[in-house]
Each structure stands twice: as C-alpha cells, then as structure tokens.
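Peer 1: Got a structure for you, start-v3.json, holding JSON, C-alpha atoms.
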[["chain", "number", "residue", "atom", "x", "y", "z"],
["A", 1, "MET", "CA", 17.30, -0.13, -36.82],
["A", 2, "ASN", "CA", 18.06, 1.95, -33.72],
["A", 3, "ASN", "CA", 17.88, -0.28, -30.62],
["A", 4, "LYS", "CA", 19.21, 2.37, -28.27],
["A", 5, "ARG", "CA", 16.66, 3.14, -25.61],
["A", 6, "ILE", "CA", 16.13, 4.82, -22.27],
["A", 7, "LEU", "CA", 14.37, 3.18, -19.32],
["A", 8, "LEU", "CA", 12.96, 5.36, -16.54],
["A", 9, "ALA", "CA", 12.80, 4.00, -13.00],
["A", 10, "ASN", "CA", 9.48, 4.04, -11.22],
["A", 11, "PRO", "CA", 9.12, 5.45, -8.63],
["A", 12, "ARG", "CA", 11.76, 8.20, -8.81],
["A", 13, "GLY", "CA", 12.18, 11.78, -7.66],
["A", 14, "PHE", "CA", 10.22, 13.68, -5.05],
["A", 15, "CYS", "CA", 8.85, 11.85, -2.03],
["A", 16, "ALA", "CA", 6.08, 13.04, 0.29],
["A", 17, "GLY", "CA", 8.52, 14.40, 2.88],
["A", 18, "VAL", "CA", 10.35, 16.52, 0.29],
["A", 19, "ASP", "CA", 7.06, 17.75, -1.19],
["A", 20, "ARG", "CA", 5.90, 18.81, 2.27],
["A", 21, "ALA", "CA", 9.16, 20.58, 3.16],
["A", 22, "ILE", "CA", 9.23, 22.61, -0.05],
["A", 23, "SER", "CA", 5.53, 23.49, 0.31],
["A", 24, "ILE", "CA", 6.14, 24.75, 3.86],
["A", 25, "VAL", "CA", 8.83, 27.16, 2.65],
["A", 26, "GLU", "CA", 6.77, 28.33, -0.34],
["A", 27, "ARG", "CA", 3.61, 28.87, 1.74],
["A", 28, "ALA", "CA", 5.51, 30.67, 4.49],
["A", 29, "LEU", "CA", 6.96, 33.01, 1.85],
["A", 30, "ALA", "CA", 3.48, 33.61, 0.42],
["A", 31, "GLN", "CA", 1.91, 34.21, 3.83],
["A", 32, "PHE", "CA", 4.60, 36.20, 5.65],
["A", 33, "GLY", "CA", 6.75, 37.55, 2.81],
["A", 34, "ALA", "CA", 10.53, 37.40, 2.29],
["A", 35, "PRO", "CA", 12.87, 36.81, 3.88],
["A", 36, "ILE", "CA", 12.08, 33.43, 5.43],
["A", 37, "TYR", "CA", 15.00, 31.78, 7.22],
["A", 38, "VAL", "CA", 15.63, 28.04, 6.84],
["A", 39, "ARG", "CA", 17.96, 26.09, 9.15],
["A", 40, "HIS", "CA", 20.12, 24.13, 6.68],
["A", 41, "GLU", "CA", 19.16, 23.46, 3.04],
["A", 42, "VAL", "CA", 15.50, 22.46, 3.25],
["A", 43, "VAL", "CA", 16.24, 19.45, 1.01],
["A", 44, "HIS", "CA", 19.53, 18.42, -0.57],
["A", 45, "ASN", "CA", 19.05, 19.58, -4.13],
["A", 46, "LYS", "CA", 20.84, 22.57, -5.66],
["A", 47, "PHE", "CA", 18.08, 23.37, -8.17],
["A", 48, "VAL", "CA", 15.37, 23.38, -5.49],
["A", 49, "VAL", "CA", 17.45, 25.42, -3.02],
["A", 50, "ASP", "CA", 18.48, 27.99, -5.66],
["A", 51, "ASN", "CA", 14.85, 28.35, -6.74],
["A", 52, "LEU", "CA", 13.67, 28.96, -3.16],
["A", 53, "ARG", "CA", 16.55, 31.38, -2.59],
["A", 54, "LYS", "CA", 15.35, 33.45, -5.56],
["A", 55, "LYS", "CA", 11.90, 33.62, -3.96],
["A", 56, "GLY", "CA", 13.34, 34.96, -0.69],
["A", 57, "ALA", "CA", 14.40, 31.97, 1.39],
["A", 58, "VAL", "CA", 17.64, 32.47, 3.32],
["A", 59, "PHE", "CA", 19.48, 29.27, 4.24],
["A", 60, "ILE", "CA", 21.52, 29.47, 7.45],
["A", 61, "GLU", "CA", 23.40, 27.06, 9.71],
["A", 62, "ASN", "CA", 23.70, 29.27, 12.80],
["A", 63, "LEU", "CA", 20.71, 30.86, 14.53],
["A", 64, "ASP", "CA", 22.88, 33.94, 15.17],
["A", 65, "ASP", "CA", 22.26, 34.73, 11.49],
["A", 66, "VAL", "CA", 18.49, 35.00, 11.99],
["A", 67, "PRO", "CA", 17.21, 38.50, 12.94],
["A", 68, "PRO", "CA", 14.77, 38.89, 15.87],
["A", 69, "GLN", "CA", 11.04, 38.33, 15.14],
["A", 70, "SER", "CA", 11.89, 36.33, 11.99],
["A", 71, "THR", "CA", 10.18, 33.23, 10.63],
["A", 72, "LEU", "CA", 12.39, 30.14, 10.91],
["A", 73, "ILE", "CA", 11.87, 26.76, 9.24],
["A", 74, "TYR", "CA", 13.67, 23.54, 10.16],
["A", 75, "SER", "CA", 14.85, 21.50, 7.16],
["A", 76, "ALA", "CA", 13.43, 18.10, 6.21],
["A", 77, "HIS", "CA", 16.42, 16.45, 7.93],
["A", 78, "GLY", "CA", 15.38, 17.59, 11.41],
["A", 79, "VAL", "CA", 17.29, 19.44, 14.12],
["A", 80, "SER", "CA", 18.63, 18.72, 17.58],
["A", 81, "LYS", "CA", 16.83, 19.52, 20.83],
["A", 82, "ALA", "CA", 19.46, 22.23, 21.46],
["A", 83, "VAL", "CA", 18.58, 24.01, 18.20],
["A", 84, "GLN", "CA", 14.85, 23.77, 19.00],
["A", 85, "GLN", "CA", 15.35, 25.19, 22.49],
["A", 86, "GLU", "CA", 17.53, 28.04, 21.23],
["A", 87, "ALA", "CA", 15.02, 28.93, 18.49],
["A", 88, "ILE", "CA", 12.17, 29.05, 21.02],
["A", 89, "ALA", "CA", 14.26, 31.16, 23.42],
["A", 90, "ARG", "CA", 14.97, 33.67, 20.65],
["A", 91, "GLY", "CA", 11.25, 34.04, 19.97],
["A", 92, "PHE", "CA", 11.17, 33.12, 16.29],
["A", 93, "ARG", "CA", 7.98, 32.11, 14.50],
["A", 94, "ILE", "CA", 8.85, 28.46, 13.87],
["A", 95, "PHE", "CA", 7.65, 25.93, 11.32],
["A", 96, "ASP", "CA", 8.96, 22.37, 11.40],
["A", 97, "ALA", "CA", 9.55, 20.88, 7.94],
["A", 98, "THR", "CA", 11.21, 17.75, 9.39],
["A", 99, "CYS", "CA", 10.07, 14.70, 7.44],
["A", 100, "PRO", "CA", 7.47, 12.88, 9.57],
["A", 101, "LEU", "CA", 9.45, 9.65, 9.10],
["A", 102, "VAL", "CA", 12.51, 11.31, 10.63],
["A", 103, "THR", "CA", 10.32, 12.66, 13.45],
["A", 104, "LYS", "CA", 9.18, 9.06, 14.05],
["A", 105, "VAL", "CA", 12.83, 8.05, 14.65],
["A", 106, "HIS", "CA", 13.27, 11.05, 17.01],
["A", 107, "LYS", "CA", 10.28, 9.88, 19.06],
["A", 108, "GLU", "CA", 11.63, 6.33, 19.13],
["A", 109, "VAL", "CA", 14.99, 7.61, 20.41],
["A", 110, "SER", "CA", 13.29, 9.56, 23.23],
["A", 111, "ARG", "CA", 11.11, 6.58, 24.15],
["A", 112, "LEU", "CA", 14.05, 4.15, 24.24],
["A", 113, "ASP", "CA", 16.10, 6.59, 26.32],
["A", 114, "GLU", "CA", 13.27, 6.91, 28.85],
["A", 115, "GLN", "CA", 13.24, 3.10, 29.12],
["A", 116, "GLY", "CA", 16.95, 3.07, 29.99],
["A", 117, "TYR", "CA", 18.35, 1.86, 26.65],
["A", 118, "GLN", "CA", 21.69, 2.97, 25.25],
["A", 119, "ILE", "CA", 21.11, 3.69, 21.56],
["A", 120, "ILE", "CA", 23.35, 2.93, 18.61],
["A", 121, "MET", "CA", 22.64, 4.97, 15.49],
["A", 122, "ILE", "CA", 23.48, 3.60, 12.04],
["A", 123, "GLY", "CA", 24.28, 6.55, 9.81],
["A", 124, "HIS", "CA", 26.84, 8.87, 8.26],
["A", 125, "LYS", "CA", 28.79, 11.18, 10.54],
["A", 126, "GLY", "CA", 28.13, 14.85, 9.83],
["A", 127, "HIS", "CA", 24.88, 14.30, 7.92],
["A", 128, "PRO", "CA", 22.26, 16.76, 9.25],
["A", 129, "GLU", "CA", 19.72, 13.98, 9.84],
["A", 130, "VAL", "CA", 22.23, 12.08, 11.99],
["A", 131, "GLU", "CA", 23.15, 15.25, 13.90],
["A", 132, "GLY", "CA", 19.46, 16.01, 14.48],
["A", 133, "THR", "CA", 18.62, 12.48, 15.63],
["A", 134, "MET", "CA", 21.63, 12.07, 17.91],
["A", 135, "GLY", "CA", 20.91, 15.58, 19.19],
["A", 136, "GLN", "CA", 17.58, 14.43, 20.64],
["A", 137, "LEU", "CA", 19.62, 13.30, 23.64],
["A", 138, "ALA", "CA", 22.46, 14.83, 25.63],
["A", 139, "PRO", "CA", 25.84, 14.97, 23.83],
["A", 140, "ASP", "CA", 27.80, 11.69, 23.71],
["A", 141, "THR", "CA", 24.77, 9.70, 24.86],
["A", 142, "MET", "CA", 24.30, 7.81, 21.58],
["A", 143, "LEU", "CA", 26.90, 5.78, 19.67],
["A", 144, "LEU", "CA", 27.35, 6.08, 15.88],
["A", 145, "VAL", "CA", 28.11, 3.20, 13.53],
["A", 146, "GLU", "CA", 28.91, 3.97, 9.88],
["A", 147, "ARG", "CA", 30.22, 0.60, 8.67],
["A", 148, "VAL", "CA", 30.12, -3.07, 9.61],
["A", 149, "GLU", "CA", 33.76, -2.73, 10.74],
["A", 150, "ASP", "CA", 32.75, -0.16, 13.38],
["A", 151, "VAL", "CA", 30.67, -2.70, 15.31],
["A", 152, "ALA", "CA", 33.70, -4.53, 16.71],
["A", 153, "GLY", "CA", 35.04, -1.35, 18.34],
["A", 154, "LEU", "CA", 31.86, -0.35, 20.18],
["A", 155, "VAL", "CA", 32.16, 0.13, 23.92],
["A", 156, "VAL", "CA", 28.73, -0.14, 25.56],
["A", 157, "LYS", "CA", 27.49, 0.28, 29.12],
["A", 158, "ASN", "CA", 25.18, -2.74, 29.29],
["A", 159, "GLU", "CA", 24.77, -5.34, 26.55],
["A", 160, "GLU", "CA", 21.32, -6.20, 27.88],
["A", 161, "LYS", "CA", 20.01, -2.64, 27.44],
["A", 162, "LEU", "CA", 20.97, -1.78, 23.88],
["A", 163, "ALA", "CA", 18.84, -0.61, 20.95],
["A", 164, "HIS", "CA", 19.54, 0.63, 17.43],
["A", 165, "VAL", "CA", 17.99, 3.14, 15.03],
["A", 166, "SER", "CA", 18.97, 4.16, 11.49],
["A", 167, "GLN", "CA", 19.30, 7.21, 9.27],
["A", 168, "THR", "CA", 16.27, 7.02, 6.97],
["A", 169, "THR", "CA", 18.15, 7.47, 3.66],
["A", 170, "LEU", "CA", 20.72, 4.66, 3.85],
["A", 171, "SER", "CA", 21.13, 1.68, 1.57],
["A", 172, "VAL", "CA", 18.73, -1.03, 2.71],
["A", 173, "ASP", "CA", 21.28, -3.77, 1.97],
["A", 174, "GLU", "CA", 24.16, -1.99, 3.72],
["A", 175, "THR", "CA", 22.01, -1.33, 6.79],
["A", 176, "SER", "CA", 20.92, -4.96, 7.00],
["A", 177, "ASP", "CA", 24.60, -6.03, 7.07],
["A", 178, "ILE", "CA", 25.34, -3.64, 9.93],
["A", 179, "ILE", "CA", 22.24, -4.77, 11.86],
["A", 180, "ALA", "CA", 23.32, -8.41, 11.38],
["A", 181, "ALA", "CA", 26.76, -7.56, 12.80],
["A", 182, "LEU", "CA", 25.17, -5.77, 15.77],
["A", 183, "GLN", "CA", 22.89, -8.73, 16.46],
["A", 184, "GLN", "CA", 25.79, -11.15, 16.26],
["A", 185, "ARG", "CA", 27.86, -9.16, 18.76],
["A", 186, "PHE", "CA", 24.93, -8.10, 20.96],
["A", 187, "PRO", "CA", 22.25, -10.85, 20.74],
["A", 188, "LEU", "CA", 19.85, -8.95, 23.02],
["A", 189, "ILE", "CA", 19.94, -5.67, 21.06],
["A", 190, "LYS", "CA", 16.48, -4.20, 20.50],
["A", 191, "SER", "CA", 15.42, -3.43, 16.93],
["A", 192, "PRO", "CA", 12.75, -0.89, 15.87],
["A", 193, "HIS", "CA", 9.21, -2.25, 15.50],
["A", 194, "LYS", "CA", 9.38, -1.16, 11.86],
["A", 195, "GLU", "CA", 12.41, -0.58, 9.66],
["A", 196, "ASP", "CA", 13.70, 3.01, 9.94],
["A", 197, "ILE", "CA", 14.68, 3.22, 6.26],
["A", 198, "CYS", "CA", 11.87, 5.28, 4.75],
["A", 199, "TYR", "CA", 9.40, 3.85, 2.23],
["A", 200, "ALA", "CA", 10.60, 6.23, -0.53],
["A", 201, "THR", "CA", 14.25, 5.24, -0.05],
["A", 202, "THR", "CA", 13.33, 1.54, -0.16],
["A", 203, "ASN", "CA", 11.07, 1.95, -3.21],
["A", 204, "ARG", "CA", 13.67, 3.93, -5.16],
["A", 205, "GLN", "CA", 16.41, 1.41, -4.35],
["A", 206, "ASP", "CA", 14.18, -1.48, -5.46],
["A", 207, "ALA", "CA", 13.37, 0.41, -8.66],
["A", 208, "VAL", "CA", 17.04, 1.05, -9.45],
["A", 209, "LYS", "CA", 17.85, -2.65, -8.90],
["A", 210, "LYS", "CA", 15.16, -3.50, -11.44],
["A", 211, "LEU", "CA", 16.63, -0.91, -13.80],
["A", 212, "ALA", "CA", 20.20, -2.11, -13.44],
["A", 213, "VAL", "CA", 19.31, -5.66, -14.46],
["A", 214, "SER", "CA", 18.30, -4.55, -17.95],
["A", 215, "CYS", "CA", 20.61, -1.55, -18.55],
["A", 216, "ASP", "CA", 24.24, -1.01, -19.57],
["A", 217, "VAL", "CA", 24.53, 2.28, -17.73],
["A", 218, "VAL", "CA", 22.48, 4.02, -15.03],
["A", 219, "VAL", "CA", 22.25, 7.76, -14.44],
["A", 220, "VAL", "CA", 20.99, 9.06, -11.09],
["A", 221, "VAL", "CA", 19.75, 12.64, -11.02],
["A", 222, "GLY", "CA", 20.66, 14.14, -7.64],
["A", 223, "SER", "CA", 22.94, 16.62, -5.89],
["A", 224, "PRO", "CA", 26.30, 15.52, -4.43],
["A", 225, "ASN", "CA", 25.16, 16.15, -0.83],
["A", 226, "SER", "CA", 22.00, 14.05, -1.21],
["A", 227, "SER", "CA", 22.42, 10.86, 0.82],
["A", 228, "ASN", "CA", 19.60, 8.94, -0.83],
["A", 229, "SER", "CA", 20.83, 9.90, -4.34],
["A", 230, "ASN", "CA", 24.35, 8.68, -3.53],
["A", 231, "ARG", "CA", 22.89, 5.40, -2.26],
["A", 232, "LEU", "CA", 20.96, 4.92, -5.53],
["A", 233, "ARG", "CA", 24.19, 5.23, -7.53],
["A", 234, "GLU", "CA", 25.93, 2.79, -5.18],
["A", 235, "VAL", "CA", 23.07, 0.26, -5.44],
["A", 236, "ALA", "CA", 23.35, 0.28, -9.24],
["A", 237, "ALA", "CA", 27.17, 0.09, -9.17],
["A", 238, "LEU", "CA", 27.05, -2.92, -6.85],
["A", 239, "LEU", "CA", 25.10, -4.73, -9.57],
["A", 240, "ASN", "CA", 28.12, -4.29, -11.88],
["A", 241, "VAL", "CA", 26.56, -1.56, -14.01],
["A", 242, "ASP", "CA", 28.32, 1.70, -14.87],
["A", 243, "ALA", "CA", 26.52, 4.23, -12.68],
["A", 244, "TYR", "CA", 26.85, 8.01, -12.50],
["A", 245, "MET", "CA", 25.20, 10.74, -10.47],
["A", 246, "VAL", "CA", 24.53, 14.15, -12.05],
["A", 247, "ASP", "CA", 23.13, 17.38, -10.64],
["A", 248, "ASN", "CA", 21.66, 18.25, -14.05],
["A", 249, "ALA", "CA", 21.92, 17.56, -17.80],
["A", 250, "ASP", "CA", 25.03, 19.73, -18.16],
["A", 251, "CYS", "CA", 26.96, 17.19, -16.06],
["A", 252, "LEU", "CA", 26.41, 14.34, -18.55],
["A", 253, "GLN", "CA", 29.50, 13.08, -20.39],
["A", 254, "PRO", "CA", 29.06, 11.63, -23.92],
["A", 255, "HIS", "CA", 31.74, 8.96, -23.40],
["A", 256, "TRP", "CA", 29.64, 7.35, -20.62],
["A", 257, "PHE", "CA", 27.24, 6.15, -23.32],
["A", 258, "GLU", "CA", 29.68, 4.88, -25.94],
["A", 259, "GLY", "CA", 28.65, 1.35, -26.90],
["A", 260, "LYS", "CA", 25.71, 1.40, -24.47],
["A", 261, "GLN", "CA", 22.32, 0.26, -25.80],
["A", 262, "GLN", "CA", 20.13, 0.62, -22.71],
["A", 263, "VAL", "CA", 20.35, 3.67, -20.47],
["A", 264, "GLY", "CA", 18.54, 3.65, -17.12],
["A", 265, "ILE", "CA", 17.57, 6.92, -15.46],
["A", 266, "THR", "CA", 16.33, 7.54, -11.94],
["A", 267, "ALA", "CA", 16.27, 10.44, -9.49],
["A", 268, "GLY", "CA", 16.81, 10.87, -5.78],
["A", 269, "ALA", "CA", 13.92, 11.79, -3.49],
["A", 270, "SER", "CA", 14.90, 15.47, -3.51],
["A", 271, "ALA", "CA", 15.37, 15.82, -7.29],
["A", 272, "PRO", "CA", 12.51, 17.43, -9.29],
["A", 273, "GLU", "CA", 11.13, 15.83, -12.44],
["A", 274, "VAL", "CA", 12.10, 18.85, -14.56],
["A", 275, "LEU", "CA", 15.76, 17.85, -14.14],
["A", 276, "VAL", "CA", 14.97, 14.27, -15.20],
["A", 277, "ASP", "CA", 13.22, 15.59, -18.33],
["A", 278, "GLU", "CA", 16.29, 17.65, -19.26],
["A", 279, "VAL", "CA", 18.59, 14.64, -18.77],
["A", 280, "VAL", "CA", 16.32, 12.49, -20.95],
["A", 281, "GLN", "CA", 16.21, 15.13, -23.69],
["A", 282, "LYS", "CA", 20.00, 15.44, -23.80],
["A", 283, "ILE", "CA", 20.54, 11.67, -23.99],
["A", 284, "VAL", "CA", 17.84, 11.40, -26.69],
["A", 285, "SER", "CA", 19.75, 14.03, -28.68],
["A", 286, "TRP", "CA", 22.71, 11.63, -28.63],
["A", 287, "GLY", "CA", 20.78, 9.01, -30.57],
["A", 288, "TYR", "CA", 18.57, 7.12, -28.15],
["A", 289, "ALA", "CA", 15.30, 6.48, -29.93],
["A", 290, "THR", "CA", 12.74, 5.34, -27.39],
["A", 291, "VAL", "CA", 11.91, 6.24, -23.80],
["A", 292, "THR", "CA", 10.06, 3.65, -21.69],
["A", 293, "GLU", "CA", 8.91, 3.88, -18.08],
["A", 294, "ASN", "CA", 9.27, 0.79, -15.90],
["A", 295, "SER", "CA", 6.32, -0.38, -13.85],
["A", 296, "GLY", "CA", 6.72, 0.05, -10.13],
["A", 297, "VAL", "CA", 5.17, 0.68, -6.72],
["A", 298, "GLU", "CA", 2.59, 3.45, -6.71],
["A", 299, "GLU", "CA", 3.20, 5.91, -3.90],
["A", 300, "SER", "CA", 0.07, 7.53, -2.46],
["A", 301, "ILE", "CA", 1.42, 8.77, 0.88],
["A", 302, "MET", "CA", 0.89, 12.45, 1.65],
["A", 303, "PHE", "CA", 1.96, 14.36, 4.76],
["A", 304, "VAL", "CA", -0.14, 17.22, 6.09],
["A", 305, "LEU", "CA", 1.20, 20.76, 6.36],
["A", 306, "PRO", "CA", 1.28, 22.72, 9.64],
["A", 307, "LYS", "CA", -2.26, 24.00, 10.25],
["A", 308, "GLU", "CA", -1.12, 27.65, 10.14],
["A", 309, "LEU", "CA", 0.00, 27.18, 6.52],
["A", 310, "ARG", "CA", -2.93, 25.18, 5.16],
["A", 311, "GLY", "CA", -5.10, 27.01, 2.69],
["A", 312, "SER", "CA", -2.51, 29.65, 1.77],
["A", 313, "SER", "CA", -1.06, 29.60, -1.72]]
What is this file in structure tokens?
Peer 2:
Amino acid sequence: MNNKRILLANPRGFCAGVDRAISIVERALAQFGAPIYVRHEVVHNKFVVDNLRKKGAVFIENLDDVPPQSTLIYSAHGVSKAVQQEAIARGFRIFDATCPLVTKVHKEVSRLDEQGYQIIMIGHKGHPEVEGTMGQLAPDTMLLVERVEDVAGLVVKNEEKLAHVSQTTLSVDETSDIIAALQQRFPLIKSPHKEDICYATTNRQDAVKKLAVSCDVVVVVGSPNSSNSNRLREVAALLNVDAYMVDNADCLQPHWFEGKQQVGITAGASAPEVLVDEVVQKIVSWGYATVTENSGVEESIMFVLPKELRGSS
C-alpha cells in the first residue's frame, strides 16, 4: 500500500494586495495600451512579472527610463515620498498599486513623525517595502533594525519619544523577539495599535506551521526575492523539517523526497496557483498517491481598484 501523500497548506498563494496590484497593471494595459511602466517588479514573482512583461509592462527602477506622458504604476511594495514627488513633477499618469496594508504603515509613520516620535523600523535593508516606508520621511530620520542583536547598538535622540513599525512580510515570531528586545531596552517605546505584519503573512505562516507538524519535507513555491516566501521556508525549517523554496516545478530535486512519506506544499503570497499545480503534478509523478488540502482560515478580504480602472477589462 502506498502511504506517500501530499498535504497542501491552506491558505496559500495570492493575497488581496497581490491580486489588486496585478489587476491594476492588467487593466491599465487594457485601457491605455502598451507600454505601461511599473516602478520595480509589481510583485516578487518571476512567473507573474514575465507574464506581464509579455503583455507590455516595462519594469524600471529609475524614473529616467520612463518617457514623457507615460503611464506609471507603483509596485505593491510602495515607494518613497521622493519617488512620488518626482513622478508628479514629470507629469506621468500615475496609478498606485501599493498594498493598502503597506499604505497603512506609511500613514502611521507620517502620523508618528508629526507627533514628534523617532521611529524604528523592523525590516530587511534594501527591500523595496523598507525603502518605501523609510522614504516617507527625510533621509536618515528613521532607524532600521534587522535582528535582535541590532537593538543594543541603537543610538536614539529621546527614549521617551520612540515608536516602532514593521515590514509587513516578516516572520511573526522573529518580529516578536525584536519587539521584546526593543521594549526591554526602551520601556516607553510606542507600539502600533495593530500588528503591522499583514493578515496574509500571518495566515500563511500559521498554515505552514500546521503543515510542518505532520510532514517530513515542506516545499514553498515562491521566487528568491520574495520576502514572505523566504519567511515561510524559514518557519518550516525552524520546526526541524527539511524545507525548500522553488520558483517552479523544474527546480524540484528528486533526492529531497527520498524516504519521505508526507510532503507539505505551500506558496508565498505572490505565487500563482498554476505553479503550485505544476509542483504537485511533478511530485505525484514520483510516486505520491494522494493529495489532501488542510483546513485553514478563509480569507475574504478584497481591496478596491483605483476608480479610473474599475469596470475596464
């Protein structure tokens, strides 16, 4: 009897913010025609970006690469105030595909700054979301913390007027350790009213923990530059399960599954279900008989599109 089986995490894959960002690019292409320029990869997934590129999206990092009178879209990760001001000055038609949950952090940063707080951001240096959030204020205004160890070296202006915010795609557990270290060193530090880690990140990390408990190996479908996909792999690995991240089915290695009875599969918030299906099919072809989907949180959140793009196909 074949006891080899595959368990699918639930929820997995696309979140509402990713859905919205992709829809904005697709509808802008339909309404205004190619090319449409996008500041940074709209979401961090190679398959999605390549598909949009074929349809006429042009992904750029520098606004110098955008011709006059063009349509420009900001990626789901958000952009700095400087980028916004430059784009307006150049007269582009602009659509903002920033995830509303990232925008919420931007507004919190501006509000805290107006109240005289110095802000510490928990996040990964160089990630576009971190650059966009820290870029809501003047350069060198905010402090960045990547690890618990960084807390000890912080030099602040006033310990009584400190606040912290977080990158939305971090590991919930890792962030809580950093926040605990900040609170221990700065007892008066102000925390957000609601956790900055987005609902989709939290739900997918909870789902992968549930998966890891009953699996011998976990495969995360996601691109190497996807923060939330990397965190999913780390969450599984921390539970002492072999965990791998793959961009697509071609990246799978047969030796990962030698002697493994239960394979868990999940996908980052920017990874489409078609890639999960291909990964499942390949692993099934290697002798795994049944595919079962775990129960999990049902996600019903939807984010509205810019009014100019509603109703177009």
Peer 1: Restricting the calculation to only C-alpha atoms: of A:Gly56, A:Gly268, A:Gly116, A:Pro68, which residue gets closest to Lys161 in chain A?
Peer 2: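 Among the listed residues, A:Gly116 lies closest to Lys161 in chain A.
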Peer 1: Determine the nearest neighbour of Asn203 in chain A from the options A:Ala180, A:Ile6, A:Leu305, A:Val172, counting only C-alpha atoms.
Peer 2: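 Among A:Ala180, A:Ile6, A:Leu305, A:Val172, it is A:Val172 that comes nearest to Asn203 in chain A.
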Peer 1: Which polymer residues have any atom within 9 Å of an atom of range 252-258 of chain A, counting all atoms listed in the file, with same-chain residues fewer than 4 positions away left out, as a list in words?
Peer 2: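 Answer for this query is Asp216, Val217, Val219, Asp242, Tyr244, Met245, Val246, Asn248, Val263, Val279, Lys282, Ile283 and Trp286 of chain A.
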Peer 1: Determine, using only C-alpha atoms, which residues of range 65-137 of chain A have any atom at most 7 Å from an atom of range 34-41 of chain A, and tabulate each with its shortest atom pair and distance in Å to one decimal place, rows ordered by chain and then rising number, as JSON lines.
Peer 2:
{"residue": "A:Val66", "atom": "CA", "partner": "A:Tyr37", "partner_atom": "CA", "distance": 6.7}
{"residue": "A:Thr71", "atom": "CA", "partner": "A:Ile36", "partner_atom": "CA", "distance": 5.5}
{"residue": "A:Leu72", "atom": "CA", "partner": "A:Tyr37", "partner_atom": "CA", "distance": 4.8}
{"residue": "A:Ile73", "atom": "CA", "partner": "A:Val38", "partner_atom": "CA", "distance": 4.6}
{"residue": "A:Tyr74", "atom": "CA", "partner": "A:Arg39", "partner_atom": "CA", "distance": 5.1}
{"residue": "A:Ser75", "atom": "CA", "partner": "A:Arg39", "partner_atom": "CA", "distance": 5.9}
Peer 1: Those residues with C-alpha atoms, as a compact mmCIF listing (two decimals), keeping the file's coordinate frame please?
Peer 2:
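As a result, selection-v2.txt now contains:
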# COMPACT_ATOMS: atom_id res chain seq x y z
CA VAL A 66 18.49 35.00 11.99
CA THR A 71 10.18 33.23 10.63
CA LEU A 72 12.39 30.14 10.91
CA ILE A 73 11.87 26.76 9.24
CA TYR A 74 13.67 23.54 10.16
CA SER A 75 14.85 21.50 7.16
Peer 1: For the point (14.4, 2.5, 25.1) in the file's frame, write as a PyMOL selection string all residues with an atom no more than 10 Å away, counting only C-alpha atoms.
Peer 2: chain A and resi 108-119+161-164+190+192
Peer 1: When you count all atoms listed in the file, which of these residues is closest to Asp150 in chain A: A:Leu137, A:Val130, A:Leu182, A:Ile189?
Peer 2: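 Closest residue, counting all atoms listed in the file: A:Leu182.
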Peer 1: Quick one: contact table of range 56-132 of chain A to range 43-49 of chain A, 12 Å max, nearest atom pair and distance in Å to one decimal per residue, counting only C-alpha atoms, chain and number order, as a tab-separated table?
Peer 2:
residue	atom	partner	partner_atom	distance
A:Gly56	CA	A:Val49	CA	10.6
A:Ala57	CA	A:Val49	CA	8.5
A:Val58	CA	A:Val49	CA	9.5
A:Phe59	CA	A:Val49	CA	8.5
A:Ile60	CA	A:Val49	CA	11.9
A:Ile73	CA	A:Val43	CA	11.8
A:Tyr74	CA	A:Val43	CA	10.3
A:Ser75	CA	A:Val43	CA	6.6
A:Ala76	CA	A:Val43	CA	6.1
A:His77	CA	A:Val43	CA	7.5
A:Gly78	CA	A:Val43	CA	10.6
A:Ala97	CA	A:Val43	CA	9.7
A:Thr98	CA	A:Val43	CA	9.9
A:Cys99	CA	A:Val43	CA	10.1
A:His127	CA	A:His44	CA	10.8
A:Pro128	CA	A:His44	CA	10.3
A:Glu129	CA	A:Val43	CA	11.0
Peer 1: Give me, please, the distance in Å between CA of Ala269 in chain A and CA of Val18 in chain A, quoted to one decimal.
Peer 2: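 Separating CA of Ala269 in chain A from CA of Val18 in chain A is a distance of 7.0 Å.
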Peer 1: Tell me, in Å to one decimal, how far CA of Ser171 in chain A is from CA of Val151 in chain A.
Peer 2: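 We find that CA of Ser171 in chain A and CA of Val151 in chain A lie 17.3 Å from each other.
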Peer 1: Between CA of Ser226 in chain A and CA of Val165 in chain A, what distance in Å does the model show, to one decimal?
Peer 2: 20.0 Å
Peer 1: Can you tell me, as a list in words, what residues are no more than 12 Å from Gly311 in chain A when counting all atoms listed in the file, ignoring any on the same chain fewer than 6 positions away?
Peer 2: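 Using all atoms listed in the file, the neighbours found are Ser23, Ile24, Arg27, Ala28, Ala30, Gln31, Val304 and Leu305 of chain A.
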Peer 1: Rank A:Asp19, A:Asp96, A:Glu278, A:Glu293 by their smallest atom-to-atom distance to Leu211 in chain A, using only C-alpha atoms, and report the top residue only.
Peer 2: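 Answer, going by the shortest atom-to-atom distance: A:Glu293.
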Peer 1: In terms of the shortest atom-to-atom distance over only C-alpha atoms, which of A:Ala9, A:Ala200, A:Val284, A:Ala16 is closest to Ile301 in chain A?
Peer 2: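 Comparing A:Ala9, A:Ala200, A:Val284, A:Ala16 against Ile301 in chain A, the winner is A:Ala16.
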Peer 1: Closest to Leu275 in chain A among A:Ala207, A:Cys251, A:Leu63, A:Cys198, using only C-alpha atoms?
Peer 2: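 Result for the nearest residue to Leu275 in chain A: A:Cys251.
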Peer 1: Put range 84-108 of chain A into a file with C-alpha atoms, as a PDB file, in the first residue's frame.
Peer 2:
ATOM      1  CA  GLN A  84       6.165  60.180  -5.712  1.00  0.00           C
ATOM      2  CA  GLN A  85       7.182  63.838  -5.966  1.00  0.00           C
ATOM      3  CA  GLU A  86       9.477  63.192  -8.929  1.00  0.00           C
ATOM      4  CA  ALA A  87       6.773  61.208 -10.762  1.00  0.00           C
ATOM      5  CA  ILE A  88       4.250  64.024 -10.270  1.00  0.00           C
ATOM      6  CA  ALA A  89       6.796  66.638 -11.416  1.00  0.00           C
ATOM      7  CA  ARG A  90       7.429  64.665 -14.604  1.00  0.00           C
ATOM      8  CA  GLY A  91       3.706  64.646 -15.387  1.00  0.00           C
ATOM      9  CA  PHE A  92       3.126  60.904 -15.643  1.00  0.00           C
ATOM     10  CA  ARG A  93      -0.327  59.347 -15.426  1.00  0.00           C
ATOM     11  CA  ILE A  94       0.108  57.548 -12.096  1.00  0.00           C
ATOM     12  CA  PHE A  95      -1.615  54.543 -10.546  1.00  0.00           C
ATOM     13  CA  ASP A  96      -0.648  53.384  -7.069  1.00  0.00           C
ATOM     14  CA  ALA A  97      -0.598  49.596  -6.673  1.00  0.00           C
ATOM     15  CA  THR A  98       0.900  49.808  -3.164  1.00  0.00           C
ATOM     16  CA  CYS A  99      -0.744  47.213  -0.929  1.00  0.00           C
ATOM     17  CA  PRO A 100      -3.254  49.044   1.298  1.00  0.00           C
ATOM     18  CA  LEU A 101      -1.666  47.367   4.338  1.00  0.00           C
ATOM     19  CA  VAL A 102       1.697  48.896   3.412  1.00  0.00           C
ATOM     20  CA  THR A 103      -0.027  52.259   2.869  1.00  0.00           C
ATOM     21  CA  LYS A 104      -1.431  51.907   6.408  1.00  0.00           C
ATOM     22  CA  VAL A 105       2.143  51.680   7.761  1.00  0.00           C
ATOM     23  CA  HIS A 106       3.139  54.737   5.668  1.00  0.00           C
ATOM     24  CA  LYS A 107       0.300  56.741   7.226  1.00  0.00           C
ATOM     25  CA  GLU A 108       1.293  55.566  10.697  1.00  0.00           C
TER      26      GLU A 108
END
